[in-house]
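Just below is one structure, and these are the notes that go with it.
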Amino acid sequence: MKKKMLAGAALLSAMALAFTGCAGNTSPGASGEPGDGGDVIKVGFAQTGSESGWRSANTESMKEAFSKENGFDLVFNAADNKQEAQIAAVRSFINQGVDAIVIAPITVDGWDDVLKEAQDAQIPVILEDRTVSASEDLYASWVGLDFEQEGRTAGEWVKENFDGKGANLVILEGTTGSSAALDRATGFGEAIKGTDINVLDSQTGDFTRDGGKKVMEGYLQKYGKDIDVLFAHNDDMGLGALDAIKAAGLTPGKDIQIVTIDAVKDGMTALANGEFNFIVECNPLLGEKAAELVKDVLAGKTVEKKTIVEDQSFTQEQAKEVLDSRPY
Ligand code: GZL
């Protein structure tokens with residue numbers, strides 16, 4: 001039963017309790033806090049899919065936070081990177097009468113109708129990771145990263161290392177229409193504006209290794225040894241590109257320098273061994289904050305509309321130092 005329905009039902013069940021001594025699972029535990037035998041919070045989580053190492057780490061973080069021990073009954077859906085499937089999952093959560101919905105929206109657009117349906121059903125929505133173009137009134141809060149700053153940091157590294165050399169750059173973009181890809185492109189473009197760096201091409205690899213490899217193969221056929229540097233919107237596309245670069249007889253990290261975003265284990269390993277040259281972190285551990293926001297919203301507390309989680313960046317030397325202690 002949804003939390004907001006409990007006001008009236010609580011009165012009735014209290015009265016029933018007075019006469020029958022029995023109560024459903026809505027009776028609060030000792031402290032009234034969910035998870036101590038008290039109210040269990042039913043949450044529907046609409047994940048993008050399993051497109052990258054970052055996504056796996058994010059899903060793990062969310063499942064750990066929305067555990068039974070923490071007072072949750074989690075309904076999980078991964079939408080295989082398909083927006084229409086993700087919207088259908090949210091509609092299903094509404095029909096199931098969950099207490100709250102969490103979404104990692106694949107793309108920014110297309111969310112207004114289903115978010116309005118959730119609002120009409122009095123089910124609060126929390127966004128984690130990426131954002132939407134819909135009005136802020138249609139969701140309770142968002143916890144994520146500053147994608148524009150991630151792109152800017154990557155661009156500043158390229159500017160610092162390649163401006164004034166007439167360098168040729170190719171870009172592997174993330175999922176088309178996702179806030180991560182849109183904002184990283186904006187930040188990166190701002191950072192290299194006014195330099196003599198020549199952007200030869202920029203296409204989407206959909207945040208996947210296979211996508212990165214296929215697009216990089218096309219770049220190498222078209223531009224070959226003219227490519228000096230690759231900017232990949234995430235580690236996984238960069239890792240896919242490594243295969244293409246080696247198959248072309250070139251040495252990644254030297255013939256073609258590579259800057260990526262995420263800093264997952266495989267990316268940091270490539271950085272430590274010299275195949276990547278610079279990584280900007282994008283922290284996937286958002287589960288704890290998302291769970292805290294769900295509990296606070298359901299408890300009627302006022303919450304921040306936006307929570308940005310801090311990122312850092314790594315050189316090859318820094319990657320060697322921290323690789324064994326990385327949490328993901
Ligand atoms: C960023 C996240 C992106 C990662 C990719 O927060 O949305 O999606 O950078 C992931 O690895 O697929």
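Lettering and numbering for the structure tokens are positional, with chains as A, B, ... in the shown order, residues counted from 1 in each chain, and ligands counted from 1 in the shown order.
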Practice item. List the neighbours of Asn283 of chain A out to 8 Å using only C-alpha atoms; skip same-chain residues closer than 3 positions along the sequence, and give me the result as number ranges by chain. Key: A: 145, 262, 286, 309-311
Go ahead and save the picked residues with N, CA, C and O atoms, as an mmCIF file, in the first residue's frame.
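Dumped everything to selection_33.cif:
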data_model
loop_
_atom_site.group_PDB
_atom_site.id
_atom_site.type_symbol
_atom_site.label_atom_id
_atom_site.label_comp_id
_atom_site.auth_asym_id
_atom_site.auth_seq_id
_atom_site.Cartn_x
_atom_site.Cartn_y
_atom_site.Cartn_z
ATOM 1 N N LEU A 145 25.964 13.894 -11.225
ATOM 2 C CA LEU A 145 27.316 14.435 -11.377
ATOM 3 C C LEU A 145 27.258 15.688 -12.233
ATOM 4 O O LEU A 145 26.285 15.891 -12.971
ATOM 5 N N ASP A 262 34.951 8.414 -16.559
ATOM 6 C CA ASP A 262 34.359 7.415 -15.669
ATOM 7 C C ASP A 262 35.327 7.009 -14.571
ATOM 8 O O ASP A 262 35.013 7.136 -13.406
ATOM 9 N N LEU A 286 25.920 6.201 -6.150
ATOM 10 C CA LEU A 286 24.847 7.163 -5.844
ATOM 11 C C LEU A 286 23.736 6.534 -5.006
ATOM 12 O O LEU A 286 22.772 7.217 -4.627
ATOM 13 N N VAL A 309 27.463 15.000 -6.812
ATOM 14 C CA VAL A 309 28.509 14.215 -6.155
ATOM 15 C C VAL A 309 29.865 14.598 -6.763
ATOM 16 O O VAL A 309 29.978 14.761 -7.982
ATOM 17 N N GLU A 310 30.851 14.775 -5.896
ATOM 18 C CA GLU A 310 32.176 15.244 -6.346
ATOM 19 C C GLU A 310 32.910 14.205 -7.221
ATOM 20 O O GLU A 310 32.769 12.995 -6.992
ATOM 21 N N ASP A 311 33.638 14.707 -8.198
ATOM 22 C CA ASP A 311 34.496 13.857 -9.049
ATOM 23 C C ASP A 311 35.952 14.310 -8.901
ATOM 24 O O ASP A 311 36.209 15.409 -8.456
#
Nearby polymer residues, ligand 1, at most 8 Å, only C-alpha atoms and all ligand atoms, as a PDB file with all heavy atoms, in the first residue's frame:
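After the write, result.pdb holds the following:
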ATOM      1  N   SER A  50      22.607  -2.193 -19.021  1.00  0.00           N
ATOM      2  CA  SER A  50      23.904  -2.661 -18.488  1.00  0.00           C
ATOM      3  C   SER A  50      24.983  -2.391 -19.533  1.00  0.00           C
ATOM      4  O   SER A  50      25.766  -3.261 -19.894  1.00  0.00           O
ATOM      5  CB  SER A  50      23.830  -4.160 -18.172  1.00  0.00           C
ATOM      6  OG  SER A  50      23.362  -4.854 -19.344  1.00  0.00           O
ATOM      7  N   GLU A  51      24.978  -1.151 -20.047  1.00  0.00           N
ATOM      8  CA  GLU A  51      25.803  -0.773 -21.203  1.00  0.00           C
ATOM      9  C   GLU A  51      27.284  -0.617 -20.905  1.00  0.00           C
ATOM     10  O   GLU A  51      28.106  -0.608 -21.839  1.00  0.00           O
ATOM     11  CB  GLU A  51      25.237   0.497 -21.845  1.00  0.00           C
ATOM     12  CG  GLU A  51      25.469   1.779 -21.062  1.00  0.00           C
ATOM     13  CD  GLU A  51      24.461   2.003 -19.917  1.00  0.00           C
ATOM     14  OE1 GLU A  51      23.617   1.151 -19.667  1.00  0.00           O
ATOM     15  OE2 GLU A  51      24.584   3.059 -19.272  1.00  0.00           O
ATOM     16  N   SER A  52      27.653  -0.463 -19.615  1.00  0.00           N
ATOM     17  CA  SER A  52      29.068  -0.155 -19.348  1.00  0.00           C
ATOM     18  C   SER A  52      29.466  -0.600 -17.947  1.00  0.00           C
ATOM     19  O   SER A  52      28.604  -0.910 -17.099  1.00  0.00           O
ATOM     20  CB  SER A  52      29.267   1.360 -19.469  1.00  0.00           C
ATOM     21  OG  SER A  52      28.514   2.022 -18.453  1.00  0.00           O
ATOM     22  N   GLY A  53      30.757  -0.570 -17.698  1.00  0.00           N
ATOM     23  CA  GLY A  53      31.267  -0.901 -16.364  1.00  0.00           C
ATOM     24  C   GLY A  53      30.741   0.068 -15.327  1.00  0.00           C
ATOM     25  O   GLY A  53      30.419  -0.303 -14.202  1.00  0.00           O
ATOM     26  N   TRP A  54      30.594   1.344 -15.752  1.00  0.00           N
ATOM     27  CA  TRP A  54      30.041   2.348 -14.839  1.00  0.00           C
ATOM     28  C   TRP A  54      28.627   1.944 -14.434  1.00  0.00           C
ATOM     29  O   TRP A  54      28.240   2.010 -13.271  1.00  0.00           O
ATOM     30  CB  TRP A  54      29.993   3.725 -15.540  1.00  0.00           C
ATOM     31  CG  TRP A  54      29.647   4.860 -14.626  1.00  0.00           C
ATOM     32  CD1 TRP A  54      30.527   5.706 -14.004  1.00  0.00           C
ATOM     33  CD2 TRP A  54      28.337   5.263 -14.204  1.00  0.00           C
ATOM     34  NE1 TRP A  54      29.836   6.609 -13.218  1.00  0.00           N
ATOM     35  CE2 TRP A  54      28.493   6.361 -13.336  1.00  0.00           C
ATOM     36  CE3 TRP A  54      27.035   4.817 -14.469  1.00  0.00           C
ATOM     37  CZ2 TRP A  54      27.422   7.021 -12.730  1.00  0.00           C
ATOM     38  CZ3 TRP A  54      25.955   5.463 -13.875  1.00  0.00           C
ATOM     39  CH2 TRP A  54      26.150   6.541 -13.023  1.00  0.00           C
ATOM     40  N   ARG A  55      27.832   1.484 -15.397  1.00  0.00           N
ATOM     41  CA  ARG A  55      26.426   1.137 -15.117  1.00  0.00           C
ATOM     42  C   ARG A  55      26.355  -0.032 -14.131  1.00  0.00           C
ATOM     43  O   ARG A  55      25.525  -0.024 -13.215  1.00  0.00           O
ATOM     44  CB  ARG A  55      25.707   0.791 -16.419  1.00  0.00           C
ATOM     45  CG  ARG A  55      24.228   0.649 -16.308  1.00  0.00           C
ATOM     46  CD  ARG A  55      23.553   1.908 -15.817  1.00  0.00           C
ATOM     47  NE  ARG A  55      23.865   3.056 -16.641  1.00  0.00           N
ATOM     48  CZ  ARG A  55      23.643   4.323 -16.285  1.00  0.00           C
ATOM     49  NH1 ARG A  55      23.122   4.568 -15.092  1.00  0.00           N
ATOM     50  NH2 ARG A  55      23.946   5.329 -17.069  1.00  0.00           N
ATOM     51  N   ALA A 104      17.048   6.397 -13.649  1.00  0.00           N
ATOM     52  CA  ALA A 104      18.301   6.887 -14.261  1.00  0.00           C
ATOM     53  C   ALA A 104      17.942   7.103 -15.730  1.00  0.00           C
ATOM     54  O   ALA A 104      18.093   6.189 -16.547  1.00  0.00           O
ATOM     55  CB  ALA A 104      19.412   5.856 -14.132  1.00  0.00           C
ATOM     56  N   ILE A 106      17.493   7.455 -19.523  1.00  0.00           N
ATOM     57  CA  ILE A 106      18.427   7.194 -20.630  1.00  0.00           C
ATOM     58  C   ILE A 106      18.664   8.481 -21.427  1.00  0.00           C
ATOM     59  O   ILE A 106      19.805   8.855 -21.705  1.00  0.00           O
ATOM     60  CB  ILE A 106      17.871   6.094 -21.560  1.00  0.00           C
ATOM     61  CG1 ILE A 106      17.772   4.759 -20.794  1.00  0.00           C
ATOM     62  CG2 ILE A 106      18.734   5.925 -22.813  1.00  0.00           C
ATOM     63  CD1 ILE A 106      17.025   3.670 -21.538  1.00  0.00           C
ATOM     64  N   ASP A 129      21.788   9.883 -11.351  1.00  0.00           N
ATOM     65  CA  ASP A 129      22.697   9.828 -12.488  1.00  0.00           C
ATOM     66  C   ASP A 129      22.322  10.912 -13.510  1.00  0.00           C
ATOM     67  O   ASP A 129      22.655  12.070 -13.339  1.00  0.00           O
ATOM     68  CB  ASP A 129      22.702   8.426 -13.107  1.00  0.00           C
ATOM     69  CG  ASP A 129      23.567   8.348 -14.336  1.00  0.00           C
ATOM     70  OD1 ASP A 129      24.442   9.227 -14.496  1.00  0.00           O
ATOM     71  OD2 ASP A 129      23.359   7.447 -15.153  1.00  0.00           O
ATOM     72  N   ARG A 130      21.641  10.565 -14.594  1.00  0.00           N
ATOM     73  CA  ARG A 130      21.335  11.545 -15.629  1.00  0.00           C
ATOM     74  C   ARG A 130      20.054  12.341 -15.296  1.00  0.00           C
ATOM     75  O   ARG A 130      19.306  11.962 -14.399  1.00  0.00           O
ATOM     76  CB  ARG A 130      21.145  10.843 -16.978  1.00  0.00           C
ATOM     77  CG  ARG A 130      22.364  10.017 -17.396  1.00  0.00           C
ATOM     78  CD  ARG A 130      22.112   9.272 -18.682  1.00  0.00           C
ATOM     79  NE  ARG A 130      23.168   8.293 -18.941  1.00  0.00           N
ATOM     80  CZ  ARG A 130      23.119   7.372 -19.900  1.00  0.00           C
ATOM     81  NH1 ARG A 130      22.061   7.315 -20.700  1.00  0.00           N
ATOM     82  NH2 ARG A 130      24.101   6.506 -20.072  1.00  0.00           N
ATOM     83  N   GLY A 144      23.276  13.397  -8.860  1.00  0.00           N
ATOM     84  CA  GLY A 144      24.091  12.991 -10.017  1.00  0.00           C
ATOM     85  C   GLY A 144      25.432  13.695 -10.023  1.00  0.00           C
ATOM     86  O   GLY A 144      25.968  14.036  -8.960  1.00  0.00           O
ATOM     87  N   LEU A 145      25.964  13.894 -11.225  1.00  0.00           N
ATOM     88  CA  LEU A 145      27.316  14.435 -11.377  1.00  0.00           C
ATOM     89  C   LEU A 145      27.258  15.688 -12.233  1.00  0.00           C
ATOM     90  O   LEU A 145      26.285  15.891 -12.971  1.00  0.00           O
ATOM     91  CB  LEU A 145      28.199  13.389 -12.072  1.00  0.00           C
ATOM     92  CG  LEU A 145      28.454  12.025 -11.452  1.00  0.00           C
ATOM     93  CD1 LEU A 145      28.891  12.128 -10.018  1.00  0.00           C
ATOM     94  CD2 LEU A 145      27.278  11.077 -11.581  1.00  0.00           C
ATOM     95  N   PHE A 147      28.230  16.798 -15.298  1.00  0.00           N
ATOM     96  CA  PHE A 147      28.749  16.267 -16.570  1.00  0.00           C
ATOM     97  C   PHE A 147      29.471  17.352 -17.361  1.00  0.00           C
ATOM     98  O   PHE A 147      30.467  17.086 -18.034  1.00  0.00           O
ATOM     99  CB  PHE A 147      27.607  15.696 -17.416  1.00  0.00           C
ATOM    100  CG  PHE A 147      26.858  14.563 -16.778  1.00  0.00           C
ATOM    101  CD1 PHE A 147      25.473  14.536 -16.740  1.00  0.00           C
ATOM    102  CD2 PHE A 147      27.546  13.509 -16.199  1.00  0.00           C
ATOM    103  CE1 PHE A 147      24.783  13.495 -16.156  1.00  0.00           C
ATOM    104  CE2 PHE A 147      26.861  12.451 -15.605  1.00  0.00           C
ATOM    105  CZ  PHE A 147      25.479  12.459 -15.592  1.00  0.00           C
ATOM    106  N   GLY A 174      28.722   9.748 -26.068  1.00  0.00           N
ATOM    107  CA  GLY A 174      27.845   8.808 -25.364  1.00  0.00           C
ATOM    108  C   GLY A 174      26.494   8.690 -26.060  1.00  0.00           C
ATOM    109  O   GLY A 174      26.310   9.161 -27.180  1.00  0.00           O
ATOM    110  N   THR A 175      25.548   8.079 -25.358  1.00  0.00           N
ATOM    111  CA  THR A 175      24.210   7.831 -25.914  1.00  0.00           C
ATOM    112  C   THR A 175      23.571   9.130 -26.392  1.00  0.00           C
ATOM    113  O   THR A 175      23.506  10.100 -25.635  1.00  0.00           O
ATOM    114  CB  THR A 175      23.321   7.159 -24.853  1.00  0.00           C
ATOM    115  OG1 THR A 175      23.915   5.913 -24.492  1.00  0.00           O
ATOM    116  CG2 THR A 175      21.901   6.938 -25.360  1.00  0.00           C
ATOM    117  N   SER A 178      21.362  11.817 -24.315  1.00  0.00           N
ATOM    118  CA  SER A 178      21.496  11.648 -22.854  1.00  0.00           C
ATOM    119  C   SER A 178      22.130  12.903 -22.267  1.00  0.00           C
ATOM    120  O   SER A 178      22.976  13.537 -22.913  1.00  0.00           O
ATOM    121  CB  SER A 178      22.379  10.433 -22.548  1.00  0.00           C
ATOM    122  OG  SER A 178      23.725  10.671 -22.958  1.00  0.00           O
ATOM    123  N   SER A 179      21.747  13.247 -21.041  1.00  0.00           N
ATOM    124  CA  SER A 179      22.312  14.468 -20.440  1.00  0.00           C
ATOM    125  C   SER A 179      23.820  14.309 -20.261  1.00  0.00           C
ATOM    126  O   SER A 179      24.577  15.282 -20.386  1.00  0.00           O
ATOM    127  CB  SER A 179      21.649  14.758 -19.094  1.00  0.00           C
ATOM    128  OG  SER A 179      21.849  13.693 -18.184  1.00  0.00           O
ATOM    129  N   ALA A 180      24.286  13.071 -20.018  1.00  0.00           N
ATOM    130  CA  ALA A 180      25.733  12.856 -19.854  1.00  0.00           C
ATOM    131  C   ALA A 180      26.467  13.226 -21.150  1.00  0.00           C
ATOM    132  O   ALA A 180      27.474  13.954 -21.120  1.00  0.00           O
ATOM    133  CB  ALA A 180      26.003  11.398 -19.489  1.00  0.00           C
ATOM    134  N   ALA A 181      25.973  12.773 -22.279  1.00  0.00           N
ATOM    135  CA  ALA A 181      26.652  13.067 -23.554  1.00  0.00           C
ATOM    136  C   ALA A 181      26.501  14.542 -23.932  1.00  0.00           C
ATOM    137  O   ALA A 181      27.471  15.205 -24.320  1.00  0.00           O
ATOM    138  CB  ALA A 181      26.090  12.174 -24.658  1.00  0.00           C
ATOM    139  N   ASP A 206      27.456   5.063 -28.180  1.00  0.00           N
ATOM    140  CA  ASP A 206      26.381   4.625 -27.266  1.00  0.00           C
ATOM    141  C   ASP A 206      26.888   4.119 -25.915  1.00  0.00           C
ATOM    142  O   ASP A 206      26.269   3.264 -25.291  1.00  0.00           O
ATOM    143  CB  ASP A 206      25.552   3.520 -27.945  1.00  0.00           C
ATOM    144  CG  ASP A 206      24.095   3.543 -27.462  1.00  0.00           C
ATOM    145  OD1 ASP A 206      23.693   4.560 -26.871  1.00  0.00           O
ATOM    146  OD2 ASP A 206      23.391   2.531 -27.642  1.00  0.00           O
ATOM    147  N   PHE A 207      28.031   4.616 -25.496  1.00  0.00           N
ATOM    148  CA  PHE A 207      28.628   4.290 -24.192  1.00  0.00           C
ATOM    149  C   PHE A 207      29.076   2.826 -24.081  1.00  0.00           C
ATOM    150  O   PHE A 207      29.376   2.366 -22.972  1.00  0.00           O
ATOM    151  CB  PHE A 207      27.659   4.595 -23.036  1.00  0.00           C
ATOM    152  CG  PHE A 207      27.597   6.055 -22.649  1.00  0.00           C
ATOM    153  CD1 PHE A 207      26.374   6.682 -22.450  1.00  0.00           C
ATOM    154  CD2 PHE A 207      28.754   6.803 -22.454  1.00  0.00           C
ATOM    155  CE1 PHE A 207      26.287   8.029 -22.067  1.00  0.00           C
ATOM    156  CE2 PHE A 207      28.683   8.148 -22.068  1.00  0.00           C
ATOM    157  CZ  PHE A 207      27.451   8.751 -21.885  1.00  0.00           C
ATOM    158  N   THR A 208      29.094   2.080 -25.217  1.00  0.00           N
ATOM    159  CA  THR A 208      29.466   0.658 -25.118  1.00  0.00           C
ATOM    160  C   THR A 208      30.848   0.391 -25.721  1.00  0.00           C
ATOM    161  O   THR A 208      31.313   1.141 -26.590  1.00  0.00           O
ATOM    162  CB  THR A 208      28.461  -0.233 -25.882  1.00  0.00           C
ATOM    163  OG1 THR A 208      28.558   0.072 -27.275  1.00  0.00           O
ATOM    164  CG2 THR A 208      27.032   0.001 -25.392  1.00  0.00           C
ATOM    165  N   HIS A 233      33.657   9.722 -24.380  1.00  0.00           N
ATOM    166  CA  HIS A 233      32.766  10.160 -23.286  1.00  0.00           C
ATOM    167  C   HIS A 233      32.724   9.152 -22.143  1.00  0.00           C
ATOM    168  O   HIS A 233      32.175   9.468 -21.087  1.00  0.00           O
ATOM    169  CB  HIS A 233      31.344  10.391 -23.805  1.00  0.00           C
ATOM    170  CG  HIS A 233      31.175  11.682 -24.552  1.00  0.00           C
ATOM    171  ND1 HIS A 233      29.934  12.159 -24.908  1.00  0.00           N
ATOM    172  CD2 HIS A 233      32.068  12.576 -25.042  1.00  0.00           C
ATOM    173  CE1 HIS A 233      30.077  13.305 -25.569  1.00  0.00           C
ATOM    174  NE2 HIS A 233      31.341  13.573 -25.668  1.00  0.00           N
ATOM    175  N   ASN A 234      33.185   7.921 -22.345  1.00  0.00           N
ATOM    176  CA  ASN A 234      33.329   7.014 -21.191  1.00  0.00           C
ATOM    177  C   ASN A 234      34.441   6.006 -21.419  1.00  0.00           C
ATOM    178  O   ASN A 234      34.899   5.806 -22.549  1.00  0.00           O
ATOM    179  CB  ASN A 234      31.995   6.326 -20.857  1.00  0.00           C
ATOM    180  CG  ASN A 234      31.692   5.139 -21.752  1.00  0.00           C
ATOM    181  OD1 ASN A 234      32.079   5.118 -22.922  1.00  0.00           O
ATOM    182  ND2 ASN A 234      30.994   4.150 -21.209  1.00  0.00           N
ATOM    183  N   ASP A 235      34.892   5.381 -20.328  1.00  0.00           N
ATOM    184  CA  ASP A 235      36.002   4.415 -20.414  1.00  0.00           C
ATOM    185  C   ASP A 235      35.685   3.302 -21.400  1.00  0.00           C
ATOM    186  O   ASP A 235      36.538   2.881 -22.192  1.00  0.00           O
ATOM    187  CB  ASP A 235      36.243   3.770 -19.043  1.00  0.00           C
ATOM    188  CG  ASP A 235      36.811   4.728 -18.012  1.00  0.00           C
ATOM    189  OD1 ASP A 235      37.132   5.878 -18.381  1.00  0.00           O
ATOM    190  OD2 ASP A 235      36.930   4.332 -16.852  1.00  0.00           O
ATOM    191  N   ASP A 236      34.447   2.787 -21.336  1.00  0.00           N
ATOM    192  CA  ASP A 236      34.125   1.588 -22.138  1.00  0.00           C
ATOM    193  C   ASP A 236      34.310   1.833 -23.633  1.00  0.00           C
ATOM    194  O   ASP A 236      34.868   0.986 -24.339  1.00  0.00           O
ATOM    195  CB  ASP A 236      32.689   1.118 -21.836  1.00  0.00           C
ATOM    196  CG  ASP A 236      32.629   0.387 -20.501  1.00  0.00           C
ATOM    197  OD1 ASP A 236      32.898   1.016 -19.471  1.00  0.00           O
ATOM    198  OD2 ASP A 236      32.370  -0.836 -20.508  1.00  0.00           O
ATOM    199  N   ILE A 261      36.253   9.429 -19.640  1.00  0.00           N
ATOM    200  CA  ILE A 261      35.532   9.822 -18.423  1.00  0.00           C
ATOM    201  C   ILE A 261      34.939   8.563 -17.794  1.00  0.00           C
ATOM    202  O   ILE A 261      34.473   7.690 -18.530  1.00  0.00           O
ATOM    203  CB  ILE A 261      34.411  10.843 -18.743  1.00  0.00           C
ATOM    204  CG1 ILE A 261      35.009  12.124 -19.332  1.00  0.00           C
ATOM    205  CG2 ILE A 261      33.596  11.163 -17.485  1.00  0.00           C
ATOM    206  CD1 ILE A 261      33.976  13.161 -19.782  1.00  0.00           C
ATOM    207  N   ASP A 262      34.951   8.414 -16.559  1.00  0.00           N
ATOM    208  CA  ASP A 262      34.359   7.415 -15.669  1.00  0.00           C
ATOM    209  C   ASP A 262      35.327   7.009 -14.571  1.00  0.00           C
ATOM    210  O   ASP A 262      35.013   7.136 -13.406  1.00  0.00           O
ATOM    211  CB  ASP A 262      33.860   6.136 -16.393  1.00  0.00           C
ATOM    212  CG  ASP A 262      32.449   6.279 -16.951  1.00  0.00           C
ATOM    213  OD1 ASP A 262      31.804   7.282 -16.643  1.00  0.00           O
ATOM    214  OD2 ASP A 262      32.007   5.400 -17.701  1.00  0.00           O
ATOM    215  N   CYS A 282      33.789   9.802 -12.857  1.00  0.00           N
ATOM    216  CA  CYS A 282      32.352  10.051 -12.766  1.00  0.00           C
ATOM    217  C   CYS A 282      31.848   9.038 -11.750  1.00  0.00           C
ATOM    218  O   CYS A 282      31.734   7.854 -12.038  1.00  0.00           O
ATOM    219  CB  CYS A 282      31.693   9.835 -14.121  1.00  0.00           C
ATOM    220  SG  CYS A 282      29.909   9.998 -14.048  1.00  0.00           S
ATOM    221  N   ASN A 283      31.562   9.511 -10.533  1.00  0.00           N
ATOM    222  CA  ASN A 283      31.317   8.606  -9.409  1.00  0.00           C
ATOM    223  C   ASN A 283      29.976   7.872  -9.538  1.00  0.00           C
ATOM    224  O   ASN A 283      28.923   8.512  -9.534  1.00  0.00           O
ATOM    225  CB  ASN A 283      31.320   9.431  -8.107  1.00  0.00           C
ATOM    226  CG  ASN A 283      31.332   8.545  -6.883  1.00  0.00           C
ATOM    227  OD1 ASN A 283      30.856   7.402  -6.922  1.00  0.00           O
ATOM    228  ND2 ASN A 283      31.895   9.050  -5.799  1.00  0.00           N
ATOM    229  N   PRO A 284      29.960   6.535  -9.632  1.00  0.00           N
ATOM    230  CA  PRO A 284      28.702   5.785  -9.801  1.00  0.00           C
ATOM    231  C   PRO A 284      28.026   5.426  -8.485  1.00  0.00           C
ATOM    232  O   PRO A 284      26.924   4.880  -8.477  1.00  0.00           O
ATOM    233  CB  PRO A 284      29.159   4.512 -10.512  1.00  0.00           C
ATOM    234  CG  PRO A 284      30.530   4.280  -9.960  1.00  0.00           C
ATOM    235  CD  PRO A 284      31.133   5.645  -9.735  1.00  0.00           C
TER     236      PRO A 284
END
* To do: Go through A:Phe188, A:Asn58, A:Glu288, A:Ile245 one by one, measure the shortest atom-to-atom distance of each to Trp157 of chain A using only C-alpha atoms, and give the residue with the smallest value.
  =>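 Looking only at the distances to Trp157 of chain A, the closest residue turns out to be A:Phe188.
Counting only C-alpha atoms, Asn161 of chain A has the following residues at most 12 Å away, ignoring those fewer than 5 positions along the same chain: Ala154, Gly155, Glu156, Gly166, Ala167, Ile192, Thr195, Asp196, Ile197, Asp228, Val229, Gln257, Ile258, Val259, Asn277 and Phe278 of chain A.
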Please tabulate, as a Markdown table, the residues of segment 110-170 of chain A that come within 10 Å of segment 292-299 of chain A, each with its closest pair of atoms and the distance in Å to one decimal, counting only C-alpha atoms and ordering rows by chain, then residue number upward.
| residue | atom | partner | partner_atom | distance |
| --- | --- | --- | --- | --- |
| A:Ile123 | CA | A:Leu298 | CA | 9.3 |
| A:Pro124 | CA | A:Val297 | CA | 7.5 |
| A:Val125 | CA | A:Val294 | CA | 8.4 |
| A:Ile126 | CA | A:Val294 | CA | 7.0 |
| A:Leu127 | CA | A:Leu293 | CA | 10.0 |
| A:Ala140 | CA | A:Val297 | CA | 7.4 |
| A:Ser141 | CA | A:Leu293 | CA | 7.5 |
| A:Trp142 | CA | A:Leu293 | CA | 8.9 |
| A:Val143 | CA | A:Leu293 | CA | 8.8 |
Counting only C-alpha atoms, which residue out of A:Ala290, A:Leu230, A:Leu250, A:Leu200 sits closest to Val102 of chain A?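 Of A:Ala290, A:Leu230, A:Leu250, A:Leu200, the one nearest Val102 of chain A is A:Ala290, counting only C-alpha atoms.
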Next on the checklist: Please return, as a ChimeraX atom specification, all residues of segment 37-90 of chain A that DSSP assigns to strand (DSSP E or B) on the basis of the backbone.
Outcome noted: /A:41-47,72-78
Could you save those same residues with C-alpha atoms as a PDB file, in the first residue's frame?
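Generated output (out.pdb):
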ATOM      1  CA  ILE A  41       9.166   0.967   1.450  1.00  0.00           C
ATOM      2  CA  LYS A  42       8.363  -0.430  -2.007  1.00  0.00           C
ATOM      3  CA  VAL A  43      10.566   1.285  -4.613  1.00  0.00           C
ATOM      4  CA  GLY A  44      10.575   0.851  -8.385  1.00  0.00           C
ATOM      5  CA  PHE A  45      14.018   1.534  -9.899  1.00  0.00           C
ATOM      6  CA  ALA A  46      14.173   2.087 -13.679  1.00  0.00           C
ATOM      7  CA  GLN A  47      17.838   1.611 -14.666  1.00  0.00           C
ATOM      8  CA  PHE A  72      13.160  -1.518   1.120  1.00  0.00           C
ATOM      9  CA  ASP A  73      11.335  -3.863  -1.232  1.00  0.00           C
ATOM     10  CA  LEU A  74      13.094  -3.077  -4.534  1.00  0.00           C
ATOM     11  CA  VAL A  75      11.452  -3.691  -7.918  1.00  0.00           C
ATOM     12  CA  PHE A  76      14.341  -3.430 -10.411  1.00  0.00           C
ATOM     13  CA  ASN A  77      14.114  -2.973 -14.185  1.00  0.00           C
ATOM     14  CA  ALA A  78      16.995  -2.566 -16.674  1.00  0.00           C
TER      15      ALA A  78
END
| query | Among segment 21-214 of chain A, which residues carry a DSSP assignment of helix (DSSP H, G or I), reported as a count of residues only? | reply | 75
